[in-house]
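Below: upload10.tsv (TSV, C-alpha atoms)
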```tsv
chain	number	residue	atom	x	y	z
X	18	MET	CA	-10.62	26.22	-27.45
X	19	SER	CA	-12.93	23.65	-29.10
X	20	ILE	CA	-16.28	22.60	-27.62
X	21	LEU	CA	-14.86	19.10	-26.93
X	22	ASN	CA	-11.90	20.52	-25.00
X	23	LYS	CA	-14.19	22.83	-23.05
X	24	HIS	CA	-16.41	19.89	-22.16
X	25	LYS	CA	-13.39	17.79	-21.04
X	26	LEU	CA	-12.05	20.64	-18.92
X	27	SER	CA	-15.49	21.12	-17.37
X	28	GLN	CA	-15.67	17.40	-16.51
X	29	MET	CA	-12.24	17.45	-14.90
X	30	SER	CA	-13.12	20.54	-12.90
X	31	ARG	CA	-16.25	18.89	-11.50
X	32	ILE	CA	-14.36	15.73	-10.49
X	33	ILE	CA	-11.59	17.73	-8.81
X	34	LEU	CA	-14.23	19.79	-6.98
X	35	ILE	CA	-15.90	16.60	-5.68
X	36	LEU	CA	-12.55	15.32	-4.36
X	37	ILE	CA	-11.84	18.62	-2.65
X	38	MET	CA	-15.29	18.56	-1.03
X	39	LEU	CA	-14.71	15.01	0.23
X	40	SER	CA	-11.36	16.01	1.67
X	41	SER	CA	-13.00	18.94	3.45
X	42	TYR	CA	-15.49	16.56	5.04
X	43	SER	CA	-12.69	14.26	6.14
X	44	PHE	CA	-10.60	17.07	7.61
X	45	SER	CA	-13.10	19.34	9.31
X	46	LEU	CA	-16.43	17.51	9.72
X	47	ASP	CA	-14.90	14.08	10.44
X	48	LEU	CA	-17.70	12.28	8.56
X	49	LEU	CA	-15.66	9.47	7.04
X	50	PRO	CA	-14.61	7.86	10.35
X	51	SER	CA	-18.25	7.43	11.39
X	52	MET	CA	-19.08	5.09	8.52
X	53	GLY	CA	-17.28	1.85	9.40
X	54	GLY	CA	-15.33	1.90	12.64
X	55	GLN	CA	-17.51	-0.90	14.02
X	56	ARG	CA	-15.80	-3.33	11.61
X	57	SER	CA	-12.36	-2.96	13.22
X	58	GLY	CA	-10.55	-6.18	14.06
X	59	THR	CA	-12.58	-8.45	11.77
X	60	SER	CA	-9.92	-9.44	9.21
X	61	ILE	CA	-6.74	-11.54	9.04
X	62	PHE	CA	-3.32	-11.07	7.39
X	63	ASN	CA	-3.17	-7.57	8.87
X	64	PHE	CA	0.47	-7.09	7.84
X	65	LEU	CA	-0.88	-6.53	4.32
X	66	LYS	CA	-2.20	-3.18	5.55
X	67	ILE	CA	1.35	-1.85	6.02
X	68	GLY	CA	1.86	0.43	3.03
X	69	LEU	CA	4.85	-0.39	0.83
X	70	GLY	CA	6.92	2.09	-1.15
X	71	THR	CA	8.99	4.76	0.56
X	72	ARG	CA	7.90	7.48	-1.84
X	73	THR	CA	4.26	6.61	-1.22
X	74	THR	CA	4.67	6.50	2.56
X	75	ALA	CA	6.25	9.97	2.56
X	76	MET	CA	3.21	11.18	0.60
X	77	GLY	CA	0.71	9.92	3.18
X	78	ASN	CA	0.10	6.55	1.46
X	79	ALA	CA	-1.66	8.20	-1.50
X	80	GLY	CA	-0.12	5.59	-3.79
X	81	VAL	CA	-2.84	4.26	-6.08
X	82	ASN	CA	-1.86	6.97	-8.61
X	83	LEU	CA	1.94	6.70	-8.28
X	84	ALA	CA	3.90	4.51	-10.70
X	85	SER	CA	7.62	5.19	-10.36
X	86	ASP	CA	9.08	1.92	-9.00
X	87	ALA	CA	8.27	-1.73	-8.30
X	88	SER	CA	6.40	-0.95	-5.07
X	89	VAL	CA	3.45	0.09	-7.28
X	90	MET	CA	2.36	-3.57	-7.29
X	91	TYR	CA	1.19	-3.15	-3.70
X	92	TRP	CA	-1.05	-0.18	-4.52
X	93	ASN	CA	-2.30	-0.76	-8.04
X	94	PRO	CA	-1.16	-3.56	-10.39
X	95	ALA	CA	-2.23	-1.46	-13.38
X	96	GLY	CA	0.61	0.95	-12.58
X	97	VAL	CA	3.20	-1.71	-13.43
X	98	ALA	CA	2.73	-1.00	-17.15
X	99	GLN	CA	3.21	2.73	-16.47
X	100	VAL	CA	6.69	2.32	-14.95
X	101	GLY	CA	8.01	1.80	-18.47
X	102	ARG	CA	11.26	-0.04	-17.69
X	103	THR	CA	12.61	-3.21	-16.17
X	104	THR	CA	12.94	-2.22	-12.50
X	105	VAL	CA	14.09	-3.66	-9.16
X	106	THR	CA	13.05	-2.17	-5.78
X	107	LEU	CA	14.38	-3.10	-2.33
X	108	GLU	CA	12.74	-1.66	0.78
X	109	GLN	CA	13.44	-2.01	4.50
X	110	ILE	CA	10.89	-0.91	7.11
X	111	GLN	CA	11.66	-0.34	10.78
X	112	TRP	CA	8.27	-0.97	12.39
X	113	PHE	CA	7.21	-0.75	16.02
X	114	ALA	CA	8.39	-3.01	18.86
X	115	ASP	CA	11.56	-4.17	17.05
X	116	ILE	CA	9.52	-5.54	14.13
X	117	ASP	CA	11.15	-5.45	10.67
X	118	TYR	CA	9.54	-5.69	7.25
X	119	SER	CA	11.54	-6.36	4.06
X	120	TYR	CA	10.18	-6.02	0.51
X	121	LEU	CA	11.50	-6.96	-2.94
X	122	GLY	CA	9.76	-6.01	-6.16
X	123	TYR	CA	10.79	-6.76	-9.74
X	124	ILE	CA	9.17	-5.56	-12.97
X	125	GLN	CA	10.11	-7.15	-16.31
X	126	LYS	CA	9.31	-5.27	-19.50
X	127	VAL	CA	8.16	-7.82	-22.11
X	128	ASN	CA	7.39	-5.26	-24.81
X	129	LYS	CA	6.13	-1.68	-24.93
X	130	ASN	CA	2.65	-2.77	-23.79
X	131	ILE	CA	3.06	-5.87	-21.59
X	132	TYR	CA	4.84	-6.02	-18.22
X	133	LEU	CA	5.26	-8.80	-15.68
X	134	GLY	CA	5.96	-8.36	-11.99
X	135	PHE	CA	7.16	-10.36	-9.01
X	136	SER	CA	6.91	-9.15	-5.43
X	137	THR	CA	7.60	-10.63	-2.03
X	138	GLY	CA	7.52	-9.28	1.50
X	139	ALA	CA	8.36	-10.68	4.92
X	140	LEU	CA	7.52	-9.28	8.34
X	141	TYR	CA	9.50	-10.84	11.16
X	142	THR	CA	10.62	-10.48	14.78
X	143	ASP	CA	13.34	-11.93	16.96
X	144	PRO	CA	12.28	-15.02	18.98
X	145	MET	CA	10.20	-13.99	22.01
X	146	GLU	CA	10.21	-15.68	25.40
X	147	VAL	CA	7.05	-17.45	26.59
X	148	THR	CA	5.52	-15.91	29.74
X	149	THR	CA	2.91	-17.42	32.03
X	150	VAL	CA	1.11	-16.46	35.25
X	151	TYR	CA	3.75	-18.22	37.27
X	152	HIS	CA	6.65	-17.10	35.06
X	153	PRO	CA	5.87	-13.46	34.12
X	154	TYR	CA	9.48	-12.86	33.07
X	155	GLY	CA	9.75	-15.98	30.91
X	156	ASN	CA	9.82	-19.73	31.43
X	157	GLY	CA	12.87	-20.45	29.26
X	158	GLU	CA	10.85	-21.35	26.15
X	159	TYR	CA	10.68	-19.19	23.01
X	160	PHE	CA	8.25	-18.72	20.14
X	161	SER	CA	8.45	-16.84	16.85
X	162	TYR	CA	6.06	-14.82	14.71
X	163	GLY	CA	6.26	-13.97	11.04
X	164	ASP	CA	4.23	-13.13	7.92
X	165	MET	CA	5.11	-13.36	4.24
X	166	PHE	CA	3.59	-13.07	0.77
X	167	LEU	CA	4.57	-13.92	-2.81
X	168	GLY	CA	2.89	-12.11	-5.69
X	169	PHE	CA	2.86	-12.41	-9.48
X	170	THR	CA	1.54	-9.52	-11.57
X	171	PHE	CA	0.41	-9.06	-15.17
X	172	SER	CA	-0.15	-5.55	-16.53
X	173	GLN	CA	-0.94	-4.30	-20.02
X	174	LYS	CA	-1.31	-0.94	-21.74
X	175	MET	CA	-4.46	-1.01	-23.82
X	176	THR	CA	-3.81	2.50	-25.18
X	177	ASP	CA	-1.29	5.24	-24.46
X	178	ARG	CA	-3.74	6.48	-21.77
X	179	PHE	CA	-5.16	3.34	-20.18
X	180	SER	CA	-3.71	0.24	-18.54
X	181	TYR	CA	-5.02	-2.55	-16.36
X	182	GLY	CA	-3.39	-5.13	-14.15
X	183	ALA	CA	-3.93	-8.10	-11.86
X	184	THR	CA	-1.87	-9.71	-9.10
X	185	VAL	CA	-2.26	-13.18	-7.63
X	186	LYS	CA	-0.49	-13.70	-4.30
X	187	TYR	CA	0.08	-16.41	-1.76
X	188	VAL	CA	-0.05	-15.20	1.86
X	189	GLN	CA	1.11	-17.00	4.99
X	190	GLU	CA	1.00	-16.14	8.69
X	191	ASN	CA	2.95	-18.04	11.36
X	192	LEU	CA	2.54	-17.78	15.12
X	193	ASP	CA	4.54	-20.45	16.94
X	194	ASP	CA	3.03	-23.74	15.68
X	195	GLN	CA	-0.08	-22.10	14.20
X	196	VAL	CA	0.00	-21.60	10.43
X	197	MET	CA	-2.60	-19.81	8.29
X	198	ASN	CA	-2.37	-19.30	4.52
X	199	GLY	CA	-4.46	-18.36	1.51
X	200	PHE	CA	-4.52	-16.97	-2.02
X	201	LEU	CA	-5.61	-13.39	-2.72
X	202	MET	CA	-6.00	-11.19	-5.79
X	203	ASP	CA	-5.46	-7.51	-6.62
X	204	LEU	CA	-7.13	-5.75	-9.58
X	205	GLY	CA	-6.54	-2.23	-10.86
X	206	THR	CA	-6.96	0.33	-13.64
X	207	TYR	CA	-4.87	3.38	-14.52
X	208	TYR	CA	-6.20	6.18	-16.73
X	209	TRP	CA	-4.51	9.34	-17.96
X	210	THR	CA	-7.21	11.85	-18.90
X	211	GLY	CA	-5.20	13.80	-21.47
X	212	PHE	CA	-5.69	17.01	-19.49
X	213	LYS	CA	-2.13	17.97	-18.53
X	214	SER	CA	-0.83	15.19	-16.26
X	215	LEU	CA	-4.16	14.43	-14.57
X	216	LYS	CA	-4.74	10.73	-13.97
X	217	PHE	CA	-7.46	8.68	-12.25
X	218	CYS	CA	-6.81	5.24	-10.81
X	219	VAL	CA	-8.85	2.55	-9.10
X	220	SER	CA	-7.79	-0.69	-7.40
X	221	LEU	CA	-9.34	-3.49	-5.37
X	222	VAL	CA	-6.70	-5.28	-3.31
X	223	ASN	CA	-6.50	-8.35	-1.05
X	224	PHE	CA	-9.67	-9.85	-2.48
X	225	GLY	CA	-10.18	-13.56	-1.74
X	226	THR	CA	-11.82	-16.28	0.28
X	227	GLN	CA	-11.87	-16.58	4.04
X	228	SER	CA	-9.07	-18.45	5.82
X	229	ARG	CA	-8.36	-20.00	9.21
X	230	PRO	CA	-5.41	-21.52	11.07
X	231	GLU	CA	-4.59	-25.11	10.21
X	232	GLY	CA	-5.46	-27.86	12.67
X	233	THR	CA	-8.03	-28.06	15.46
X	234	TYR	CA	-8.47	-27.13	19.12
X	235	GLU	CA	-10.33	-28.69	22.05
X	236	LYS	CA	-13.28	-26.83	23.57
X	237	PRO	CA	-14.34	-27.85	27.13
X	238	LEU	CA	-18.01	-28.83	27.47
X	239	GLN	CA	-20.27	-27.88	30.41
X	240	GLU	CA	-21.31	-31.50	30.92
X	241	GLY	CA	-17.70	-32.60	30.97
X	242	GLY	CA	-15.20	-33.71	28.39
X	243	VAL	CA	-14.01	-31.76	25.37
X	244	GLU	CA	-15.11	-31.17	21.79
X	245	THR	CA	-12.63	-31.03	18.91
X	246	LYS	CA	-13.37	-28.04	16.69
X	247	LYS	CA	-11.86	-26.20	13.74
X	248	TYR	CA	-10.82	-22.57	14.08
X	249	ALA	CA	-13.20	-19.85	12.89
X	250	LEU	CA	-12.98	-18.43	9.39
X	251	PHE	CA	-12.00	-14.78	8.89
X	252	ALA	CA	-11.98	-12.54	5.82
X	253	PRO	CA	-8.84	-10.97	4.30
X	254	PRO	CA	-8.26	-7.19	4.57
X	255	THR	CA	-9.88	-6.25	1.25
X	256	GLU	CA	-9.68	-2.56	0.36
X	257	PHE	CA	-11.10	-0.45	-2.46
X	258	ARG	CA	-9.02	2.56	-3.48
X	259	ILE	CA	-9.76	5.44	-5.83
X	260	GLY	CA	-7.55	8.44	-6.46
X	261	ALA	CA	-6.39	11.26	-8.68
X	262	ALA	CA	-3.03	12.97	-9.16
X	263	MET	CA	-1.68	15.88	-11.18
X	264	ASP	CA	1.35	18.16	-11.45
X	265	VAL	CA	-0.17	21.46	-10.33
X	266	ILE	CA	3.13	23.26	-11.08
X	267	ASP	CA	5.36	22.19	-13.97
X	268	ASN	CA	8.27	24.26	-15.24
X	269	GLN	CA	11.92	23.76	-16.22
X	270	PHE	CA	13.08	23.97	-12.59
X	271	SER	CA	10.49	22.10	-10.58
X	272	LYS	CA	7.27	20.10	-10.52
X	273	THR	CA	4.73	19.98	-7.73
X	274	LEU	CA	2.68	16.78	-7.70
X	275	VAL	CA	-0.53	16.49	-5.65
X	276	SER	CA	-2.04	13.05	-5.09
X	277	LEU	CA	-5.49	12.46	-3.53
X	278	GLN	CA	-6.89	9.08	-2.51
X	279	LEU	CA	-10.04	7.68	-0.90
X	280	ASN	CA	-9.84	4.25	0.79
X	281	HIS	CA	-12.70	1.93	1.67
X	282	PRO	CA	-11.45	-1.03	3.77
X	283	VAL	CA	-13.77	-3.89	4.73
X	284	ASP	CA	-12.57	-3.88	8.35
X	285	ASN	CA	-12.42	-0.23	9.27
X	286	HIS	CA	-13.85	3.20	8.51
X	287	GLU	CA	-13.29	5.02	5.25
X	288	ASN	CA	-10.39	7.47	5.12
X	289	PHE	CA	-8.87	10.12	2.90
X	290	VAL	CA	-5.19	10.81	2.24
X	291	ILE	CA	-3.34	13.58	0.42
X	292	GLY	CA	0.29	13.69	-0.63
X	293	VAL	CA	2.54	16.38	-2.11
X	294	GLU	CA	5.89	15.93	-3.88
X	295	GLU	CA	8.28	18.71	-4.90
X	296	ASN	CA	10.57	17.62	-7.75
X	297	LEU	CA	13.65	19.82	-8.26
X	298	PHE	CA	15.48	19.44	-11.58
X	299	ASP	CA	14.25	15.83	-11.87
X	300	LYS	CA	16.95	14.86	-9.34
X	301	PHE	CA	15.91	15.88	-5.83
X	302	TYR	CA	12.57	15.23	-4.14
X	303	LEU	CA	10.84	16.54	-1.03
X	304	ARG	CA	7.60	14.90	0.07
X	305	THR	CA	4.91	15.21	2.69
X	306	GLY	CA	1.47	13.78	3.33
X	307	TRP	CA	-1.55	13.88	5.60
X	308	GLN	CA	-3.93	11.05	6.46
X	309	GLY	CA	-7.46	11.99	7.44
X	310	GLY	CA	-9.64	9.72	9.55
X	311	LYS	CA	-6.64	8.03	11.19
X	312	THR	CA	-6.56	8.23	14.98
X	313	GLN	CA	-2.90	7.19	15.24
X	314	ARG	CA	-1.54	8.40	11.90
X	315	SER	CA	-1.26	11.91	10.55
X	316	LEU	CA	1.89	13.60	9.30
X	317	THR	CA	4.44	11.95	6.98
X	318	LEU	CA	7.71	13.32	5.55
X	319	GLY	CA	10.47	12.14	3.25
X	320	GLY	CA	12.78	12.77	0.36
X	321	GLY	CA	14.81	11.15	-2.39
X	322	ILE	CA	17.46	11.51	-5.05
X	323	ASP	CA	17.88	10.14	-8.60
X	324	LEU	CA	21.27	9.30	-10.12
X	325	ASP	CA	22.11	8.09	-13.64
X	326	ILE	CA	25.16	5.82	-13.80
X	327	TRP	CA	26.05	4.14	-17.11
X	328	ASP	CA	22.91	2.34	-18.32
X	329	TYR	CA	21.16	2.39	-14.96
X	330	ALA	CA	19.01	4.86	-13.07
X	331	PHE	CA	19.34	4.70	-9.28
X	332	GLN	CA	16.78	6.05	-6.82
X	333	ALA	CA	17.36	6.34	-3.08
X	334	ASP	CA	14.39	7.28	-0.88
X	335	TYR	CA	13.69	7.83	2.81
X	336	ALA	CA	10.37	8.22	4.65
X	337	TRP	CA	9.31	9.04	8.20
X	338	ALA	CA	5.80	8.66	9.58
X	339	ASN	CA	4.30	9.62	12.91
X	340	PHE	CA	1.87	7.21	14.61
X	341	GLY	CA	0.97	9.29	17.65
X	342	VAL	CA	1.34	7.41	20.94
X	343	LEU	CA	2.79	4.40	19.09
X	344	GLY	CA	5.84	6.37	18.00
X	345	ASP	CA	7.56	6.88	14.67
X	346	ILE	CA	8.57	4.54	11.84
X	347	GLN	CA	11.28	4.85	9.20
X	348	LYS	CA	11.62	3.40	5.71
X	349	PHE	CA	14.60	3.11	3.37
X	350	GLN	CA	14.42	2.15	-0.29
X	351	ILE	CA	16.75	1.60	-3.25
X	352	THR	CA	15.44	1.28	-6.83
X	353	VAL	CA	17.41	0.39	-9.96
X	354	GLU	CA	15.96	0.96	-13.42
X	355	PHE	CA	17.46	-0.66	-16.53
X	356	LYS	CA	17.38	1.77	-19.44
```
Take the structure in the file and give it back as structure tokens.
Amino acid sequence: MSILNKHKLSQMSRIILILIMLSSYSFSLDLLPSMGGQRSGTSIFNFLKIGLGTRTTAMGNAGVNLASDASVMYWNPAGVAQVGRTTVTLEQIQWFADIDYSYLGYIQKVNKNIYLGFSTGALYTDPMEVTTVYHPYGNGEYFSYGDMFLGFTFSQKMTDRFSYGATVKYVQENLDDQVMNGFLMDLGTYYWTGFKSLKFCVSLVNFGTQSRPEGTYEKPLQEGGVETKKYALFAPPTEFRIGAAMDVIDNQFSKTLVSLQLNHPVDNHENFVIGVEENLFDKFYLRTGWQGGKTQRSLTLGGGIDLDIWDYAFQADYAWANFGVLGDIQKFQITVEFK
């Protein structure tokens, strides 16, 4: 083995050791949760925190390193160029309290280095009845709640090992007659080290200016009368993600992928996630994940299957996640790749 290869292997070993040490802190010493919990509840557009991608959810939301379908735009826009094909992804999420979340992602291959992406998601509920002190079971009036986003992504391979990407998205939140909207940006990088399948990825998502609901409200004054005021400004749920992933087992029958990720949100404490995927014959997949530093989230499970039909590759995936006292959620996803 050459001196250069020995040096590269030594570097990779040190980085992997650091990640393992951080995960140990998160699991046993519980250090990460103590660093930012006081910031909870200080951001808007909170539906953007719901992780997209059924494969990623089943692997504990360790998705900054995963680039297998069009849900990668949510985690890391640089991964769009790593998908390698024109791809369509449809996902349906059954959230808590009869809330549904639908996602559509599309990746267009322009050439071998440049890829474009379009993504949209909508969270919605059935109309809910208005309740008051005097009408606790409803007064006959109804209101609705919903969130949505539209995103456009550009991603480019600079070399066979490195790609970058950026997403610009329009976000809107509706609560009855209150509307709030804004423009946000995602940035990311994707780097394959050259040591087996080891890759390191970084992304900064939901970065943008503060927003507030449209219109004004009237504030009563102590001396009488009212004052017309604008609503307060709040920051978006910006999050910095860094992760690594590698096939720790790779033979003709199976592959075992391990994905590690550290998250630093602006409105909550730091947390660590780990995901594992068992790939059997490149057709069948079993997945699990664990989320450290999450008081209401821990174990995740799921699986999937790949089928080749004519000039298309079909992927069907399912994920289940446990949220403690809140209950369980389920996700279903279909992906079509154009060969």
Exercise for the section: One decimal, Å: what's the distance from CA of Gly138 (chain X) over to CA of Ser119 (chain X), could you say? Expected result: 5.6 Å
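The spacing separating CA of Asp345 (chain X) from CA of Val89 (chain X) amounts to 23.3 Å.
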Handout entry: Neighbour list for region 334-340 of chain X as a list in words, cut-off 9 Å, all atoms listed in the file, skip fewer than 5 positions in-chain
Key =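 Residues meeting the cut-off are Thr71, Arg72, Thr73, Thr74, Ala75, Met76, Gly77, Tyr302, Arg304, Thr312, Gln313, Arg314, Ser315, Leu316, Thr317, Leu318, Gly319, Gly320, Gly321, Ile322, Asp323, Asp345, Ile346, Gln347, Lys348, Phe349, Gln350, Ile351 and Thr352 of chain X.
Distances to Thr273 (chain X) were evaluated for X:Gly292, X:Gly155, X:Gly182, X:Gly260 using all atoms listed in the file, and the minimum falls at X:Gly292.
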Practice task
Write out as a count of residues only each polymer residue whose atoms come within 9 Å of Leu250 (chain X), counting all atoms listed in the file; drop sequence neighbours fewer than 5 positions from it.
Solution key: 4
Completion exercise
Restricting to all atoms listed in the file, whichever of X:Ala333, X:Thr305, X:Asn63, X:Lys356 is closest to Thr106 (chain X) is X:Ala333
Exercise for the section: Determine the nearest neighbour of Gly101 (chain X) from the options X:Gln332, X:Ser161, X:Ser180, X:Thr59, counting only C-alpha atoms. Expected result: X:Ser180
Practice task
Quick one: everything within 9 Å of region 130-133 of chain X, counting all atoms listed in the file, minus sequence neighbours fewer than 4 positions away in the same chain. Send it as a ChimeraX atom specification.
Solution key: /X:97-98,101-103,123-126,169-177,180
